[in-house]
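A.B. asks: One structure is given below, represented as structure tokens, and several questions about it will come after.
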Amino acid sequence: STCSSPRASSRCWLAHRALEGIVGPDAPLDEALVQACVALRDVIALGPATSPRDRAEGVLSRRAIDDQCPASLRGACLGALWSLDRLGDLDAATTHAIEAVRGAALPTRIGDLLTGLFATARAQVLAAPALLGVVDDVLSGMGDHEIMVALPALRMAFAYFPPCEREDIARHVLTLHGADANDARAMVRRLALDPADIASGVALDGAVADIARRYGLETT
């Protein structure tokens, strides 16, 4: 809906109020909230120049900078503003996004924020290699356990990109690490293993390493 009828306008107002009232920076990722931001973005982009559209933009602007807002919702609001060209030129918008990513550099938040951001500003993210570099830097600085905590939300975030775009991202990351960019396609192929089995294996490796350290059995 574009909020053009009284009933649609009322629904938009209720959506605005719902998004305004949600708090908790570590609240679990709620994909329905992310999709609500997508809808509000579309209201602004496609709807008539009426007060409901102004209210929608106001909600996005307030929640994008609210440190009490769930990370996924902050990312979605920021991405919506970016895709609507409300964050300035590419350099300015990229700086806003980089600050948001660094501010959410915790295993419980980073994947959520990226899910929201990628859902509402996929094309803009792909056009900002500096942002992808910061995402890589943040994830590279996490330990195995932290990555396992962040993994479910990260998988949801990158699922917003179709395979060809995931391959482009992989190529960029490989280049950042001085690796062969031609390996990008193999990196984004569907795994034959269940990701849960991989996570269990990493957790087991970590437990074994902890025991080895405890008893002085580390290898040099």
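Identifiers in this document derive from the order of the structure tokens: chains are assigned A, B, ..., residues are numbered from 1 separately in each chain, and ligands are numbered from 1 in order of occurrence.
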Show me a table, sorted first by chain and then by increasing residue number, of the residues of stretch 107-130 of chain A having an atom at most 9 Å from stretch 153-168 of chain A, each with its shortest atom pair and the distance in Å to one decimal, counting only C-alpha atoms and written as JSON lines.
C.D. replies:
```
{"residue": "A:Thr108", "atom": "CA", "partner": "A:Ala153", "partner_atom": "CA", "distance": 8.7}
{"residue": "A:Arg109", "atom": "CA", "partner": "A:Ala153", "partner_atom": "CA", "distance": 8.6}
{"residue": "A:Ile110", "atom": "CA", "partner": "A:Leu154", "partner_atom": "CA", "distance": 7.7}
{"residue": "A:Gly111", "atom": "CA", "partner": "A:Leu154", "partner_atom": "CA", "distance": 4.4}
{"residue": "A:Asp112", "atom": "CA", "partner": "A:Ala153", "partner_atom": "CA", "distance": 5.6}
{"residue": "A:Leu113", "atom": "CA", "partner": "A:Ala157", "partner_atom": "CA", "distance": 8.4}
{"residue": "A:Leu114", "atom": "CA", "partner": "A:Ala157", "partner_atom": "CA", "distance": 5.7}
{"residue": "A:Thr115", "atom": "CA", "partner": "A:Ala157", "partner_atom": "CA", "distance": 3.8}
{"residue": "A:Gly116", "atom": "CA", "partner": "A:Ala157", "partner_atom": "CA", "distance": 7.5}
{"residue": "A:Leu117", "atom": "CA", "partner": "A:Ala157", "partner_atom": "CA", "distance": 8.3}
{"residue": "A:Phe118", "atom": "CA", "partner": "A:Ala157", "partner_atom": "CA", "distance": 6.3}
{"residue": "A:Ala119", "atom": "CA", "partner": "A:Tyr160", "partner_atom": "CA", "distance": 6.2}
{"residue": "A:Arg122", "atom": "CA", "partner": "A:Phe161", "partner_atom": "CA", "distance": 7.2}
{"residue": "A:Leu126", "atom": "CA", "partner": "A:Glu165", "partner_atom": "CA", "distance": 8.0}
```
A.B. asks: Neighbouring residues of A:His172 were defined as those with any atom within 12 Å, considering only C-alpha atoms; residues of the same chain fewer than 4 positions away were excluded. Please report them as a ChimeraX atom specification.
C.D. replies: /A:126-136,165-168,176-185,187
A.B. asks: Report, in Å with one decimal, the straight-line distance from atom CA of A:Leu40 to atom CA of A:Ala80.
C.D. replies: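 Interatomic distance, atom CA of A:Leu40 to atom CA of A:Ala80: 8.2 Å.
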A.B. asks: From the options A:Ile44, A:Val138, A:Val34, A:Val59, which residue's atoms come nearest to A:Gly21, counting only C-alpha atoms?
C.D. replies: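 Nearest candidate to A:Gly21 out of A:Ile44, A:Val138, A:Val34, A:Val59: A:Val59.
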A.B. asks: List every residue of stretch 19-150 of chain A that DSSP, applied to the backbone, labels as alpha helix (DSSP H), and write the result as a ChimeraX atom specification.
C.D. replies: /A:19-21,31-46,51-64,71-83,90-103,110-126,129-140,144-150
